[in-house]
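Just run28.cif here, mmCIF, C-alpha atoms:
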data_work
#
loop_
_atom_site.label_atom_id
_atom_site.label_comp_id
_atom_site.auth_asym_id
_atom_site.auth_seq_id
_atom_site.Cartn_x
_atom_site.Cartn_y
_atom_site.Cartn_z
CA MET A 1 93.13 77.15 109.23
CA LYS A 2 89.39 76.41 108.87
CA ARG A 3 89.08 76.17 112.64
CA LEU A 4 90.87 79.53 113.00
CA LEU A 5 88.68 81.25 110.43
CA ALA A 6 85.55 79.80 112.03
CA SER A 7 86.52 81.24 115.40
CA VAL A 8 87.35 84.57 113.78
CA VAL A 9 84.00 84.71 112.01
CA THR A 10 82.24 83.98 115.31
CA LEU A 11 84.10 86.79 117.00
CA ALA A 12 83.27 89.15 114.16
CA ALA A 13 79.60 88.23 114.39
CA VAL A 14 79.54 89.00 118.10
CA ALA A 15 81.28 92.30 117.46
CA CYS A 16 79.08 93.41 114.56
CA GLY A 17 75.72 91.72 115.17
CA SER A 18 74.20 94.53 117.15
CA ALA A 19 75.01 98.14 117.85
CA SER A 20 73.77 97.62 121.42
CA VAL A 21 76.31 94.95 122.36
CA ALA A 22 77.92 96.03 125.60
CA ILE A 23 81.68 96.42 125.79
CA GLY A 24 83.17 94.47 128.68
CA PRO A 25 85.94 95.53 131.05
CA PRO A 26 88.98 96.82 129.14
CA LEU A 27 92.10 94.72 128.88
CA THR A 28 95.63 96.11 129.02
CA VAL A 29 97.50 96.49 125.74
CA PRO A 30 99.78 93.47 126.46
CA GLN A 31 96.67 91.39 127.21
CA LEU A 32 95.09 92.52 123.95
CA LYS A 33 98.23 91.58 122.06
CA PHE A 34 98.21 88.11 123.57
CA ARG A 35 94.55 87.77 122.57
CA VAL A 36 95.43 88.57 118.93
CA ILE A 37 98.47 86.25 118.98
CA ASP A 38 96.46 83.37 120.44
CA GLN A 39 93.43 83.69 118.16
CA VAL A 40 94.83 85.09 114.90
CA GLY A 41 98.48 83.98 115.06
CA PRO A 42 101.89 85.31 116.13
CA VAL A 43 103.73 87.86 114.02
CA ALA A 44 106.35 86.68 111.54
CA TYR A 45 109.29 88.91 112.37
CA CYS A 46 113.08 89.08 112.33
CA ASP A 47 114.08 87.65 115.70
CA PRO A 48 117.01 89.71 117.06
CA ASP A 49 118.52 86.51 118.44
CA SER A 50 118.49 84.83 115.04
CA TYR A 51 119.48 87.91 113.01
CA PRO A 52 122.10 89.18 112.39
CA LEU A 53 123.65 85.95 113.80
CA ALA A 54 121.96 83.19 115.75
CA HIS A 55 123.01 83.08 119.40
CA SER A 56 121.78 81.98 122.82
CA GLU A 57 118.81 83.86 124.23
CA LEU A 58 120.04 83.55 127.82
CA ASP A 59 122.29 86.62 127.98
CA PRO A 60 119.80 89.02 126.32
CA ALA A 61 117.01 87.50 128.43
CA LEU A 62 118.87 88.21 131.67
CA ALA A 63 119.86 91.69 130.50
CA THR A 64 116.31 92.60 129.42
CA TYR A 65 114.48 91.02 132.37
CA PRO A 66 114.75 94.03 134.77
CA GLN A 67 113.32 96.31 132.05
CA ILE A 68 110.42 93.94 131.40
CA LYS A 69 109.67 93.48 135.11
CA ALA A 70 109.67 97.25 135.67
CA ASP A 71 106.64 97.54 133.33
CA ALA A 72 103.89 96.21 135.64
CA GLU A 73 101.22 95.73 132.94
CA LEU A 74 103.63 94.00 130.60
CA TYR A 75 105.15 91.71 133.21
CA THR A 76 101.78 90.77 134.74
CA ALA A 77 100.38 89.85 131.33
CA ILE A 78 103.42 87.73 130.43
CA VAL A 79 103.53 85.87 133.75
CA ALA A 80 99.80 85.08 133.53
CA HIS A 81 99.91 84.05 129.88
CA GLU A 82 102.97 81.84 130.30
CA HIS A 83 101.72 80.35 133.59
CA LEU A 84 104.81 81.45 135.51
CA PRO A 85 105.09 81.91 139.29
CA ALA A 86 104.60 85.36 140.78
CA GLY A 87 107.84 85.16 142.78
CA ASP A 88 111.48 84.83 141.75
CA LEU A 89 112.09 83.16 138.40
CA THR A 90 114.82 80.81 137.30
CA ASP A 91 117.06 81.71 134.37
CA GLU A 92 115.08 79.31 132.17
CA GLN A 93 111.83 81.03 133.15
CA LYS A 94 113.36 84.42 132.39
CA VAL A 95 114.07 83.14 128.87
CA VAL A 96 110.35 82.26 128.60
CA VAL A 97 109.51 85.83 129.65
CA TYR A 98 111.96 87.20 127.10
CA ARG A 99 110.50 85.12 124.27
CA ALA A 100 106.99 86.31 125.08
CA TYR A 101 108.27 89.88 125.27
CA LYS A 102 109.74 89.61 121.76
CA LYS A 103 106.42 88.36 120.39
CA LEU A 104 104.52 91.23 122.00
CA ARG A 105 107.08 93.77 120.81
CA ALA A 106 106.70 92.54 117.22
CA LEU A 107 102.92 93.15 117.21
CA ALA A 108 101.82 96.75 116.71
CA LEU A 109 98.33 97.87 117.77
CA ALA A 110 97.09 101.30 116.67
CA GLN A 111 94.32 102.70 118.88
CA THR A 112 91.22 104.19 117.29
CA GLY A 113 88.59 105.08 119.87
CA SER A 114 87.58 101.97 121.82
CA HIS A 115 89.35 99.53 119.49
CA TYR A 116 92.83 98.83 118.12
CA ASP A 117 93.83 98.08 114.52
CA PHE A 118 96.34 95.37 113.61
CA ASP A 119 98.04 94.76 110.28
CA TYR A 120 100.80 92.14 110.09
CA THR A 121 102.13 88.96 108.51
CA SER A 122 101.36 85.87 110.56
CA GLN A 123 103.78 83.01 111.12
CA THR A 124 100.97 80.74 109.90
CA ASN A 125 101.89 80.24 106.23
CA PHE A 126 103.04 83.90 106.22
CA ASP A 127 99.47 85.09 105.66
CA HIS A 128 98.82 88.84 105.74
CA VAL A 129 96.04 89.64 108.21
CA THR A 130 94.32 92.90 109.13
CA GLY A 131 91.57 93.59 111.61
CA THR A 132 90.57 95.17 114.89
CA ILE A 133 90.40 94.16 118.52
CA ARG A 134 88.02 95.89 120.89
CA SER A 135 89.26 97.13 124.26
CA ASP A 136 87.53 94.14 125.87
CA GLY A 137 89.26 91.66 123.54
CA VAL A 138 86.61 91.01 120.87
CA ILE A 139 88.37 90.49 117.52
CA THR A 140 87.15 91.28 114.01
CA VAL A 141 89.33 90.11 111.12
CA VAL A 142 88.95 92.33 108.05
CA THR A 143 91.30 90.61 105.57
CA TYR A 144 93.20 87.34 105.54
CA LYS A 145 95.23 86.70 102.39
CA PRO A 146 98.56 85.26 101.25
CA GLY A 147 101.58 87.27 102.35
CA ALA A 148 105.35 86.82 102.23
CA ARG A 149 108.14 85.74 104.56
CA PRO A 150 109.87 88.77 106.15
CA ASN A 151 113.17 89.70 104.52
CA CYS A 152 115.53 89.77 107.51
CA PRO A 153 118.64 91.90 107.00
CA ILE A 154 122.04 91.55 108.66
CA CYS A 155 122.74 95.17 108.93
CA LEU A 156 124.37 98.53 109.38
CA ALA A 157 124.41 101.10 112.16
CA ALA A 158 121.86 103.90 111.84
CA SER A 159 124.66 106.44 111.34
CA THR A 160 125.92 104.76 108.14
CA LEU A 161 126.13 106.92 105.00
CA ILE A 162 125.34 105.37 101.61
CA ALA A 163 126.93 106.69 98.41
CA THR A 164 124.44 108.09 95.88
CA PRO A 165 124.77 110.20 92.69
CA THR A 166 123.69 113.27 94.71
CA GLY A 167 126.03 112.67 97.64
CA ASP A 168 126.08 110.53 100.76
CA VAL A 169 122.67 109.78 102.32
CA ALA A 170 122.00 108.30 105.77
CA VAL A 171 120.81 104.71 105.47
CA THR A 172 117.78 105.63 107.60
CA LYS A 173 116.69 108.17 104.94
CA LEU A 174 116.76 105.81 101.97
CA ALA A 175 113.56 104.60 100.31
CA ALA A 176 112.72 102.29 97.43
CA GLY A 177 113.21 104.06 94.09
CA MET A 178 116.02 106.35 95.22
CA LEU A 179 119.28 106.08 93.24
CA VAL A 180 122.46 104.69 94.81
CA TRP A 181 125.83 103.68 93.43
CA THR A 182 126.49 99.98 92.85
CA GLN A 183 129.32 98.07 91.21
CA ALA A 184 128.67 96.71 87.73
CA GLU A 185 130.02 93.37 86.56
CA ASP A 186 132.96 95.10 84.87
CA GLY A 187 133.88 96.88 88.11
CA THR A 188 132.57 100.32 87.15
CA ARG A 189 130.31 102.39 89.39
CA ILE A 190 126.76 102.80 88.08
CA ALA A 191 123.61 104.44 89.48
CA VAL A 192 120.67 102.11 90.13
CA PRO A 193 117.40 102.40 92.04
CA VAL A 194 116.94 100.95 95.51
CA LEU A 195 114.62 97.95 95.29
CA GLU A 196 114.05 97.51 99.01
CA VAL A 197 115.09 98.87 102.39
CA GLY A 198 114.91 96.93 105.62
CA SER A 199 115.63 97.22 109.32
CA THR A 200 115.78 94.86 112.26
CA ALA A 201 115.03 95.61 115.91
CA VAL A 202 117.99 94.64 118.07
CA PRO A 203 118.25 94.12 121.84
CA PRO A 204 120.30 96.36 124.16
CA THR A 205 122.98 93.64 124.21
CA HIS A 206 123.55 93.77 120.43
CA GLN A 207 127.21 93.89 119.39
CA MET A 208 128.59 95.63 116.30
CA VAL A 209 131.91 95.33 114.50
CA HIS A 210 133.94 98.54 114.33
CA LEU A 211 136.04 98.24 111.18
CA ARG A 212 138.72 100.78 110.27
CA LEU A 213 140.84 100.51 107.13
CA ALA A 214 144.41 101.73 106.69
CA ASP A 215 143.23 104.57 104.43
CA GLY A 216 140.96 105.95 107.19
CA ARG A 217 137.58 104.62 106.06
CA GLU A 218 135.60 103.08 108.91
CA LEU A 219 132.30 101.35 109.46
CA TRP A 220 130.04 99.95 112.20
CA ALA A 221 128.02 96.91 111.15
CA SER A 222 126.77 93.57 112.42
CA PRO A 223 129.35 90.77 112.51
CA GLY A 224 127.41 88.77 109.92
CA HIS A 225 127.35 91.51 107.30
CA ARG A 226 129.46 90.64 104.27
CA THR A 227 132.08 92.39 102.21
CA ALA A 228 131.58 92.64 98.46
CA ASP A 229 133.51 89.37 98.02
CA GLY A 230 131.34 87.50 100.55
CA ARG A 231 133.38 87.49 103.78
CA GLN A 232 131.64 88.16 107.09
CA LEU A 233 132.94 91.31 108.79
CA GLY A 234 133.25 89.45 112.07
CA THR A 235 135.76 87.02 110.56
CA LEU A 236 138.18 89.67 109.27
CA GLU A 237 141.61 90.15 110.82
CA ALA A 238 144.19 92.94 110.84
CA GLY A 239 145.99 93.07 107.51
CA ASP A 240 143.16 91.51 105.48
CA MET A 241 142.41 93.25 102.19
CA VAL A 242 139.05 95.02 101.99
CA ASP A 243 137.97 97.19 99.05
CA GLY A 244 141.49 98.16 97.99
CA SER A 245 142.88 98.77 101.48
CA THR A 246 143.83 96.68 104.52
CA VAL A 247 142.19 96.21 107.91
CA ALA A 248 143.98 98.44 110.44
CA PHE A 249 141.55 97.97 113.35
CA LEU A 250 138.71 95.57 114.10
CA ALA A 251 136.81 95.31 117.39
CA LEU A 252 133.43 94.10 118.65
CA GLY A 253 131.54 96.53 120.87
CA PRO A 254 128.07 97.54 122.10
CA TYR A 255 125.60 99.31 119.85
CA ASN A 256 123.60 102.22 121.25
CA GLY A 257 120.80 102.06 118.67
CA ASP A 258 117.61 100.00 118.72
CA ARG A 259 117.54 99.05 115.03
CA THR A 260 120.02 98.17 112.29
CA TYR A 261 119.49 98.77 108.55
CA ASP A 262 120.19 97.49 105.06
CA LEU A 263 119.21 98.13 101.45
CA LEU A 264 118.97 96.17 98.23
CA PRO A 265 120.11 98.01 95.10
CA ALA A 266 119.13 96.89 91.62
CA GLY A 267 121.82 95.25 89.52
CA ALA A 268 123.56 91.90 89.43
CA SER A 269 126.10 92.48 92.20
CA GLY A 270 123.79 93.68 95.00
CA THR A 271 126.61 95.88 96.29
CA TYR A 272 126.76 99.47 97.55
CA TRP A 273 129.21 101.80 99.28
CA ALA A 274 128.65 102.27 103.03
CA ASN A 275 130.86 104.95 104.59
CA GLY A 276 132.93 104.57 101.43
CA ILE A 277 133.44 100.79 101.83
CA LEU A 278 132.00 98.42 99.23
CA LEU A 279 129.64 95.91 100.88
CA ALA A 280 127.14 93.27 99.74
CA SER A 281 123.46 93.58 100.57
CA THR A 282 121.99 90.98 102.96
CA LEU A 283 118.54 91.39 101.41
CA SER A 284 117.47 89.25 98.47
CA HIS A 285 115.12 89.63 95.51
#

Would you mind writing the structure in this file as C-alpha cells?
Amino acid sequence: MKRLLASVVTLAAVACGSASVAIGPPLTVPQLKFRVIDQVGPVAYCDPDSYPLAHSELDPALATYPQIKADAELYTAIVAHEHLPAGDLTDEQKVVVYRAYKKLRALALAQTGSHYDFDYTSQTNFDHVTGTIRSDGVITVVTYKPGARPNCPICLAASTLIATPTGDVAVTKLAAGMLVWTQAEDGTRIAVPVLEVGSTAVPPTHQMVHLRLADGRELWASPGHRTADGRQLGTLEAGDMVDGSTVAFLALGPYNGDRTYDLLPAGASGTYWANGILLASTLSH
C-alpha cells in the first residue's frame, strides 16, 4: 500500500507541479482504464460469472468475444495489455480477453475536458478511491479511504413489480427510504422502508427462471434467488408449494436485459412480494 501511495503521490506531483506541463499524446479510453487499474487497483464488483451463481467463464467468453473484437480500440488495448497474439486466439486466450473486458466494463470514467474522473471501490482492502486521469495517462488521486465490499445481489428481471402500500412499483424505480410490504414474524403484512437497492450487470448469455404458479402468478428471476422459506428458484419442481400455491410451470431461458435487481426491506424477515410472490432478499445488512 505504501508503495502504491508513493507512486500515486509522484504522479500527482507531475500533474500538479506546473501549469506549463505539456500533455502527451492521448490514450484511448480502454488504455486509460488499464492505466488506472494497474496503478490504483482493479474495481471490486459483482462478477456476472460468480453472481447470481458461479459458473464457467468459457461459454460467456466465447459468446462475448465477437462483440469485444468488433470494438477495435477495446480489443487492441486488451490484446496489448494481456500480451496476447494479434492473430487467432485459443479458447483459453479468449477467456483471458473476457476477464479483462469485465474489469474494464466495471470501471467508469467520466470525461471532464482533457481529463477523466474515477470514483470506485478497489479490490485492495475494499478501499474507496477517487481521482482523475489525464488524457495522456497521468493520474491524480484525490481521496483514498476505507470502503466496503460490494453487496452482490442474486436478482430479479427489470420488469418485476414490487408490492408497496401505494401499489405495485417496478423494481428499477425503487430507492432507499421508499415503503414496501414485508412479512412480519407473525405472518402479517406490514409496510417498511427499503434499506438498500442493488443491481448486477449480467452477460448476454445470462439465464433466468420463468416460474408460474397454479393461481396464475408468475415471475422471472435468477436461478439462485430464494423463496421466502429459503429454497433456490432453480431447484423447484412442478407441484412444489410456493407462497400458498403450487408450481405449474418452471423453465430456464435467456434474459434480454443487461442488469438484474434486488432490494432489502427493513424488518426481521427480509422478504417482499415480487409480482405477487413472496421472496427473500439476497442483500444483507

Could you list, as JSON, numbers by chain, every residue within 8 Å of stretch 64-78 of chain A, counting all atoms listed in the file and ignoring same-chain residues fewer than 3 positions away?
{"A": [28, 30, 31, 60, 61, 81, 82, 94, 97, 98, 100, 101, 203, 204]}

Save out the residues we just selected, C-alpha atoms, as a short mmCIF file (atom, residue, chain, number, x, y, z; two decimals), in the frame of the given file.
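Result file follows (again_4.cif):
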data_model
loop_
_atom_site.label_atom_id
_atom_site.label_comp_id
_atom_site.auth_asym_id
_atom_site.auth_seq_id
_atom_site.Cartn_x
_atom_site.Cartn_y
_atom_site.Cartn_z
CA THR A 28 95.63 96.11 129.02
CA PRO A 30 99.78 93.47 126.46
CA GLN A 31 96.67 91.39 127.21
CA PRO A 60 119.80 89.02 126.32
CA ALA A 61 117.01 87.50 128.43
CA HIS A 81 99.91 84.05 129.88
CA GLU A 82 102.97 81.84 130.30
CA LYS A 94 113.36 84.42 132.39
CA VAL A 97 109.51 85.83 129.65
CA TYR A 98 111.96 87.20 127.10
CA ALA A 100 106.99 86.31 125.08
CA TYR A 101 108.27 89.88 125.27
CA PRO A 203 118.25 94.12 121.84
CA PRO A 204 120.30 96.36 124.16
#

Figure out the distance between atom CA of A:Tyr261 and atom CA of A:Gln232, please, to one decimal in Å.
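Between these atoms lies a distance of 16.2 Å.
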
Which polymer residues, whether protein, DNA or RNA, lie within 7 Å of the coordinate (127.4, 104.8, 99.8) when you count only C-alpha atoms? List them as a count of residues only, using the chain letters and numbers from the file.
11

Might you pull out every residue within 7 Å of A:Pro254, with only C-alpha atoms counted and same-chain residues fewer than 4 positions away left off, and present them as a ChimeraX atom specification?
/A:205-208

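Atom pair atom CA of A:Val141 / atom CA of A:Ala201: separated by 26.7 Å.
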
Resolved residues for the PyMOL selection byres ((chain A and resi 36-51) around 7) as a ChimeraX atom specification:
/A:32-35,52-55,57,103,106-107,120-124,126,150,152,154,200-203
